[in-house]
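Report on the following structure.
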Amino acid sequence: MTLTELRYIVAVARERHFGRAAEACFVSQPTLSVAVKKLEDELDVKLFERGSAEITVTPLGEEIVRQAQAVLEQAQAIKEIAKRGKDPLAGPLRLGVIYTIGPYLLPELVRSAISRVPQMPLMLQENFTAKLLEMLRAGELDCAILAEPFPDTNLAVAPLYDEPFLVAVPRSHPLAQRASISAEELKRETMLLLGAGHCFRDHVLEVCPEFARFSSATEGIRKSFEGSSLETIKHMVAAGMGVTVVPRLSVPIEPHPHVVYVPFEGEPPTRRVVLAWRRSFTRYEAIAALRNAIYACQLDGVQRLTD
């Protein structure tokens with residue numbers, strides 16, 4: 001049994017045709033057919049039903065083809081490991097990002113990474129903090145950009161920046177004329193929050209803990225609404241449905257016709273954004289290159305942390 005034979009049966013299963021499979025593998029059809037027959041004889045099973053018009057995969061063949069695909073992927077992984085050993089920056093870096101950071105950091109970060117380390121493409125995954133931590137532990141991600149705090153999972157963590165929060169209010173709202181707003185004043189407003197699972201929701205509830213009860217009968221609170229994303233909530237603010245709290249990088253550069261972003265009074269609430277990775281991850285140069293690419297981005301209004 002050889003990797004070449006496994007590659008051939010995967011191609012036949014995909015193309016459902018010996019001729020097309022041979023073309024995809026850049027060999028002649030007789031060469032491919034002989035190799036497939038040799039493998040069937042060695043395994044003493046029939047992998048394919050050869051019809052006049054199309055090839056079908058036998059039930060046992062389906063299982064073997066799936067395993068063959070896994071073996072081919074593992075073989076490729078061995079080559080990638082060897083390549084990374086020669087150059088830690090060579091090969092993709094699997095990066096996870098939480099939903100409330102991705103849309104505002106990734107576009108510029110991807111451009112920065114391409115210009116600085118073109119040999120290290122970023123494979124991106126947006127998700128909730130809990131899911132990203134699970135993927136990190138399982139080795140499905142190499143690193144992730146998260147907001148503290150999160151459960152201690154024995155990960156290596158490097159701080160990136162501290163990001164202040166602002167209040168987003170409809171332009172027609174009386175608070176839109178204010179130079180600053182206190183957290184106390186938000187108690188009297190209709191607050192728009194992200195749904196459960198978003199860590200930024202928890203950050204907002206730290207600023208305005210009264211909204212955790214979600215009861216219109218609670219003194220000082222009219223009612224609250226939930227949204228699936230920050231951008232959805234901003235549209236709700238623009239429609240005059242209420243106010244919300246947003247991280248600084250989510251504030252658009254150009255003034256919005258229907259939304260005004262007002263700073264908090266005094267010391268603003270903030271969140272710390274960090275880069276986390278498994279301690280067993282050996283490509284530290286890749287982590288350092290990613291941090292440098294992040295620092296090269298225009299991070300208006302945040303405090304960069306390089307320790």
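Order determines the names: the first chain of the structure tokens is A, the second B, and so forth; residues in each chain are numbered 1 upward, and ligands are numbered 1 upward as they are shown.
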Item to check | Those of region 94-267 of chain A in DSSP strand (DSSP E), formatted as a VMD selection string | outcome: chain A and resid 94 to 98 122 to 127 143 to 147 155 to 170 191 to 194 224 to 227 244 to 247 259 to 263
Residue selection dump (C-alpha atoms) as a JSON list (two decimals), in the first residue's frame:
[["chain", "number", "residue", "atom", "x", "y", "z"],
["A", 94, "ARG", "CA", -4.62, 29.17, 12.49],
["A", 95, "LEU", "CA", -5.95, 32.20, 14.32],
["A", 96, "GLY", "CA", -9.20, 32.49, 16.26],
["A", 97, "VAL", "CA", -10.86, 35.83, 17.05],
["A", 98, "ILE", "CA", -13.93, 36.67, 19.14],
["A", 122, "LEU", "CA", -3.67, 33.44, 8.38],
["A", 123, "MET", "CA", -6.44, 30.83, 8.57],
["A", 124, "LEU", "CA", -9.19, 32.66, 10.46],
["A", 125, "GLN", "CA", -11.98, 31.45, 12.75],
["A", 126, "GLU", "CA", -14.50, 33.78, 14.42],
["A", 127, "ASN", "CA", -16.37, 32.41, 17.42],
["A", 143, "CYS", "CA", -3.62, 30.95, 18.79],
["A", 144, "ALA", "CA", -6.55, 33.26, 19.49],
["A", 145, "ILE", "CA", -7.26, 36.94, 20.12],
["A", 146, "LEU", "CA", -9.49, 37.14, 23.20],
["A", 147, "ALA", "CA", -10.65, 39.64, 25.79],
["A", 155, "LEU", "CA", -2.41, 28.94, 28.03],
["A", 156, "ALA", "CA", 0.45, 31.32, 27.32],
["A", 157, "VAL", "CA", -0.94, 34.87, 27.12],
["A", 158, "ALA", "CA", 0.56, 38.10, 25.76],
["A", 159, "PRO", "CA", -1.27, 41.43, 26.22],
["A", 160, "LEU", "CA", -2.04, 43.39, 23.04],
["A", 161, "TYR", "CA", -3.99, 46.49, 24.07],
["A", 162, "ASP", "CA", -6.44, 48.01, 26.55],
["A", 163, "GLU", "CA", -9.57, 49.22, 24.78],
["A", 164, "PRO", "CA", -11.94, 51.79, 26.32],
["A", 165, "PHE", "CA", -15.73, 51.66, 25.92],
["A", 166, "LEU", "CA", -18.01, 54.40, 24.63],
["A", 167, "VAL", "CA", -21.76, 54.92, 24.75],
["A", 168, "ALA", "CA", -23.62, 54.79, 21.42],
["A", 169, "VAL", "CA", -26.82, 56.88, 21.43],
["A", 170, "PRO", "CA", -29.28, 57.96, 18.71],
["A", 191, "MET", "CA", -30.16, 49.27, 26.98],
["A", 192, "LEU", "CA", -29.34, 47.13, 23.92],
["A", 193, "LEU", "CA", -27.12, 44.16, 24.77],
["A", 194, "LEU", "CA", -25.41, 41.33, 22.93],
["A", 224, "SER", "CA", -33.69, 45.82, 27.54],
["A", 225, "PHE", "CA", -33.17, 44.19, 24.17],
["A", 226, "GLU", "CA", -30.63, 41.67, 22.86],
["A", 227, "GLY", "CA", -28.85, 41.59, 19.51],
["A", 244, "THR", "CA", -25.61, 50.64, 23.98],
["A", 245, "VAL", "CA", -21.97, 50.39, 25.01],
["A", 246, "VAL", "CA", -19.34, 49.62, 22.36],
["A", 247, "PRO", "CA", -15.56, 49.03, 22.27],
["A", 259, "VAL", "CA", -25.56, 57.49, 15.90],
["A", 260, "VAL", "CA", -23.32, 59.52, 18.22],
["A", 261, "TYR", "CA", -20.52, 57.94, 20.29],
["A", 262, "VAL", "CA", -20.06, 59.64, 23.65],
["A", 263, "PRO", "CA", -17.18, 58.95, 26.10]]
Hey, which bits of region 115-142 of chain A sit within 12 Å of region 79-91 of chain A, and for each residue what's the closest pair of atoms and how far apart in Å (one decimal), counting only C-alpha atoms, rows by chain and increasing number, as JSON lines?
{"residue": "A:Arg116", "atom": "CA", "partner": "A:Leu89", "partner_atom": "CA", "distance": 10.7}
{"residue": "A:Val117", "atom": "CA", "partner": "A:Leu89", "partner_atom": "CA", "distance": 7.3}
{"residue": "A:Pro118", "atom": "CA", "partner": "A:Ala90", "partner_atom": "CA", "distance": 8.8}
{"residue": "A:Gln119", "atom": "CA", "partner": "A:Ala90", "partner_atom": "CA", "distance": 5.3}
{"residue": "A:Met120", "atom": "CA", "partner": "A:Gly91", "partner_atom": "CA", "distance": 5.1}
{"residue": "A:Pro121", "atom": "CA", "partner": "A:Gly91", "partner_atom": "CA", "distance": 6.8}
{"residue": "A:Leu122", "atom": "CA", "partner": "A:Gly91", "partner_atom": "CA", "distance": 9.0}
{"residue": "A:Met123", "atom": "CA", "partner": "A:Gly91", "partner_atom": "CA", "distance": 10.2}
{"residue": "A:Asp142", "atom": "CA", "partner": "A:Gly91", "partner_atom": "CA", "distance": 11.9}
Using N, CA, C and O atoms, can you write the selected residues to a file as an mmCIF file, in the first residue's frame?
data_model
loop_
_atom_site.group_PDB
_atom_site.id
_atom_site.type_symbol
_atom_site.label_atom_id
_atom_site.label_comp_id
_atom_site.auth_asym_id
_atom_site.auth_seq_id
_atom_site.Cartn_x
_atom_site.Cartn_y
_atom_site.Cartn_z
ATOM 1 N N ARG A 116 3.989 41.762 5.753
ATOM 2 C CA ARG A 116 5.138 41.504 6.617
ATOM 3 C C ARG A 116 5.619 40.056 6.540
ATOM 4 O O ARG A 116 6.825 39.800 6.537
ATOM 5 N N VAL A 117 4.702 39.102 6.530
ATOM 6 C CA VAL A 117 5.066 37.677 6.498
ATOM 7 C C VAL A 117 4.192 36.949 5.479
ATOM 8 O O VAL A 117 3.294 36.177 5.841
ATOM 9 N N PRO A 118 4.413 37.204 4.194
ATOM 10 C CA PRO A 118 3.555 36.591 3.158
ATOM 11 C C PRO A 118 3.620 35.072 3.154
ATOM 12 O O PRO A 118 2.701 34.416 2.661
ATOM 13 N N GLN A 119 4.700 34.498 3.692
ATOM 14 C CA GLN A 119 4.829 33.033 3.729
ATOM 15 C C GLN A 119 4.016 32.403 4.848
ATOM 16 O O GLN A 119 3.978 31.181 4.979
ATOM 17 N N MET A 120 3.334 33.249 5.661
ATOM 18 C CA MET A 120 2.552 32.738 6.796
ATOM 19 C C MET A 120 1.098 33.210 6.673
ATOM 20 O O MET A 120 0.661 34.123 7.370
ATOM 21 N N PRO A 121 0.319 32.616 5.775
ATOM 22 C CA PRO A 121 -1.085 33.037 5.636
ATOM 23 C C PRO A 121 -1.885 32.737 6.902
ATOM 24 O O PRO A 121 -1.637 31.737 7.581
ATOM 25 N N LEU A 122 -2.825 33.620 7.211
ATOM 26 C CA LEU A 122 -3.672 33.436 8.382
ATOM 27 C C LEU A 122 -4.926 32.655 8.003
ATOM 28 O O LEU A 122 -5.635 33.029 7.066
ATOM 29 N N MET A 123 -5.188 31.581 8.726
ATOM 30 C CA MET A 123 -6.438 30.832 8.570
ATOM 31 C C MET A 123 -7.334 31.246 9.736
ATOM 32 O O MET A 123 -7.031 30.941 10.903
ATOM 33 N N ASP A 142 -4.071 27.503 16.449
ATOM 34 C CA ASP A 142 -2.727 27.732 16.973
ATOM 35 C C ASP A 142 -2.721 28.826 18.034
ATOM 36 O O ASP A 142 -1.960 28.762 19.000
#
Checklist entry - Can you tell me, as an MDAnalysis selection string, what residues are no more than 9 Å from Ile294 (chain A) when counting only C-alpha atoms, ignoring any on the same chain fewer than 2 positions away? => result chainID A and resid 105 108:109 112:113 160 289:292 296:299
Residues near Glu5 (chain A), anyone? I mean within 12 Å using only C-alpha atoms, not counting same-chain ones fewer than 5 positions away, as a CSV table (one decimal) with N, CA, C and O atoms, in the first residue's frame.
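Saved the output as part-v6.csv:
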chain,number,residue,atom,x,y,z
A,10,VAL,N,-8.9,8.0,-3.7
A,10,VAL,CA,-9.6,9.2,-3.3
A,10,VAL,C,-10.1,10.0,-4.5
A,10,VAL,O,-11.2,10.5,-4.5
A,11,ALA,N,-9.2,10.1,-5.5
A,11,ALA,CA,-9.6,10.8,-6.7
A,11,ALA,C,-10.7,10.1,-7.5
A,11,ALA,O,-11.7,10.7,-8.0
A,12,VAL,N,-10.7,8.7,-7.5
A,12,VAL,CA,-11.8,8.0,-8.2
A,12,VAL,C,-13.1,8.2,-7.4
A,12,VAL,O,-14.2,8.4,-8.0
A,22,ALA,N,-7.8,10.0,-13.4
A,22,ALA,CA,-6.5,9.9,-13.9
A,22,ALA,C,-6.0,11.3,-14.4
A,22,ALA,O,-4.8,11.7,-14.1
A,25,CYS,N,-5.0,13.3,-11.4
A,25,CYS,CA,-3.7,12.8,-10.8
A,25,CYS,C,-2.5,12.9,-11.7
A,25,CYS,O,-1.4,12.5,-11.4
A,27,VAL,N,-1.8,11.2,-14.5
A,27,VAL,CA,-1.3,9.9,-14.9
A,27,VAL,C,-2.3,9.4,-16.0
A,27,VAL,O,-3.4,9.9,-16.2
A,31,THR,N,-2.5,3.3,-15.9
A,31,THR,CA,-1.7,3.4,-14.7
A,31,THR,C,-2.5,3.5,-13.5
A,31,THR,O,-2.3,2.7,-12.5
A,32,LEU,N,-3.5,4.3,-13.5
A,32,LEU,CA,-4.4,4.5,-12.3
A,32,LEU,C,-5.2,3.2,-12.1
A,32,LEU,O,-5.4,2.8,-10.9
A,33,SER,N,-5.8,2.7,-13.1
A,33,SER,CA,-6.6,1.5,-13.0
A,33,SER,C,-5.9,0.3,-12.4
A,33,SER,O,-6.4,-0.4,-11.5
A,34,VAL,N,-4.6,0.1,-12.9
A,34,VAL,CA,-3.8,-1.0,-12.4
A,34,VAL,C,-3.5,-0.8,-10.9
A,34,VAL,O,-3.5,-1.7,-10.1
A,35,ALA,N,-3.2,0.5,-10.5
A,35,ALA,CA,-2.8,0.7,-9.1
A,35,ALA,C,-4.1,0.5,-8.2
A,35,ALA,O,-3.9,-0.1,-7.1
A,36,VAL,N,-5.3,0.9,-8.7
A,36,VAL,CA,-6.5,0.7,-7.9
A,36,VAL,C,-6.7,-0.8,-7.7
A,36,VAL,O,-7.1,-1.3,-6.6
A,37,LYS,N,-6.6,-1.5,-8.8
A,37,LYS,CA,-6.8,-3.0,-8.8
A,37,LYS,C,-5.8,-3.7,-7.9
A,37,LYS,O,-6.2,-4.6,-7.1
A,38,LYS,N,-4.6,-3.2,-7.9
A,38,LYS,CA,-3.5,-3.8,-7.0
A,38,LYS,C,-3.9,-3.6,-5.5
A,38,LYS,O,-3.8,-4.5,-4.7
A,39,LEU,N,-4.4,-2.4,-5.2
A,39,LEU,CA,-4.8,-2.1,-3.8
A,39,LEU,C,-6.0,-3.0,-3.4
A,39,LEU,O,-6.1,-3.5,-2.3
A,40,GLU,N,-7.0,-3.1,-4.3
A,40,GLU,CA,-8.1,-3.9,-4.0
A,40,GLU,C,-7.7,-5.4,-3.8
A,40,GLU,O,-8.2,-6.0,-2.9
A,42,GLU,N,-4.7,-6.4,-2.7
A,42,GLU,CA,-4.0,-6.4,-1.4
A,42,GLU,C,-5.0,-6.4,-0.2
A,42,GLU,O,-4.8,-7.2,0.7
A,65,VAL,N,-12.0,4.9,1.8
A,65,VAL,CA,-11.7,6.2,1.1
A,65,VAL,C,-11.5,7.3,2.2
A,65,VAL,O,-10.6,8.1,2.1
A,68,ALA,N,-8.4,6.8,3.9
A,68,ALA,CA,-7.3,7.2,3.0
A,68,ALA,C,-7.1,8.7,2.9
A,68,ALA,O,-5.9,9.2,2.9
A,69,GLN,N,-8.2,9.4,2.9
A,69,GLN,CA,-8.1,10.9,2.9
A,69,GLN,C,-7.4,11.4,4.2
A,69,GLN,O,-6.6,12.3,4.2
A,71,VAL,N,-5.3,9.7,6.0
A,71,VAL,CA,-3.8,9.4,5.9
A,71,VAL,C,-3.1,10.4,5.1
A,71,VAL,O,-2.0,10.8,5.4
A,72,LEU,N,-3.7,10.8,4.0
A,72,LEU,CA,-3.1,11.8,3.1
A,72,LEU,C,-2.9,13.1,3.8
A,72,LEU,O,-1.9,13.8,3.6
Next on the checklist: Can you pull out the residues contacting Arg171 (chain A)? Cut-off 10 Å, using only C-alpha atoms, and skip same-chain residues under 2 positions away; I want them as number ranges by chain.
Outcome noted: A: 168-169, 173-177, 237-240, 256-261
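Between CA of Trp277 (chain A) and CA of Gly139 (chain A) the interatomic distance comes to 9.8 Å.
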Item to check | Residue list (helix (DSSP H, G or I), DSSP) for region 29-153 of chain A, as an MDAnalysis selection string | outcome: chainID A and resid 29:43 59:86 102:116 129:137
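Distance check against Glu63 (chain A) using only C-alpha atoms: of A:Gln76, A:Pro151, A:Leu47, A:Ser172, the minimum falls on A:Leu47.
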Checklist entry - How far is it from CA of Val57 (chain A) to CA of Gln29 (chain A), in Å with one decimal? => result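 CA of Gln29 (chain A) lies 17.9 Å from CA of Val57 (chain A).
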Next on the checklist: I'd like to know which of A:Leu43, A:Ala77, A:Ala183, A:Ala276 is closest to Met135 (chain A), using only C-alpha atoms.
Outcome noted: A:Ala276
Item to check | A:Thr56, A:Thr100, A:Thr232, A:Thr129 ranked by distance to Ser250 (chain A), top pick (using only C-alpha atoms) | outcome: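 Result for the nearest residue to Ser250 (chain A): A:Thr100.
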Checklist entry - Just how far from CA of Arg271 (chain A) is CA of Glu148 (chain A), in Å to one decimal? => result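 For CA of Glu148 (chain A) relative to CA of Arg271 (chain A), the distance reads 6.8 Å.
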Next on the checklist: Measuring between only C-alpha atoms, which one of A:Ala130, A:Val207, A:Val274, A:Leu230 shows the shortest distance to Gly195 (chain A)?
Outcome noted: A:Leu230
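In terms of minimum interatomic distance to Ser229 (chain A), A:Gly102 ranks closest within A:Gly102, A:Gly61, A:Gly19, A:Pro107, counting only C-alpha atoms.
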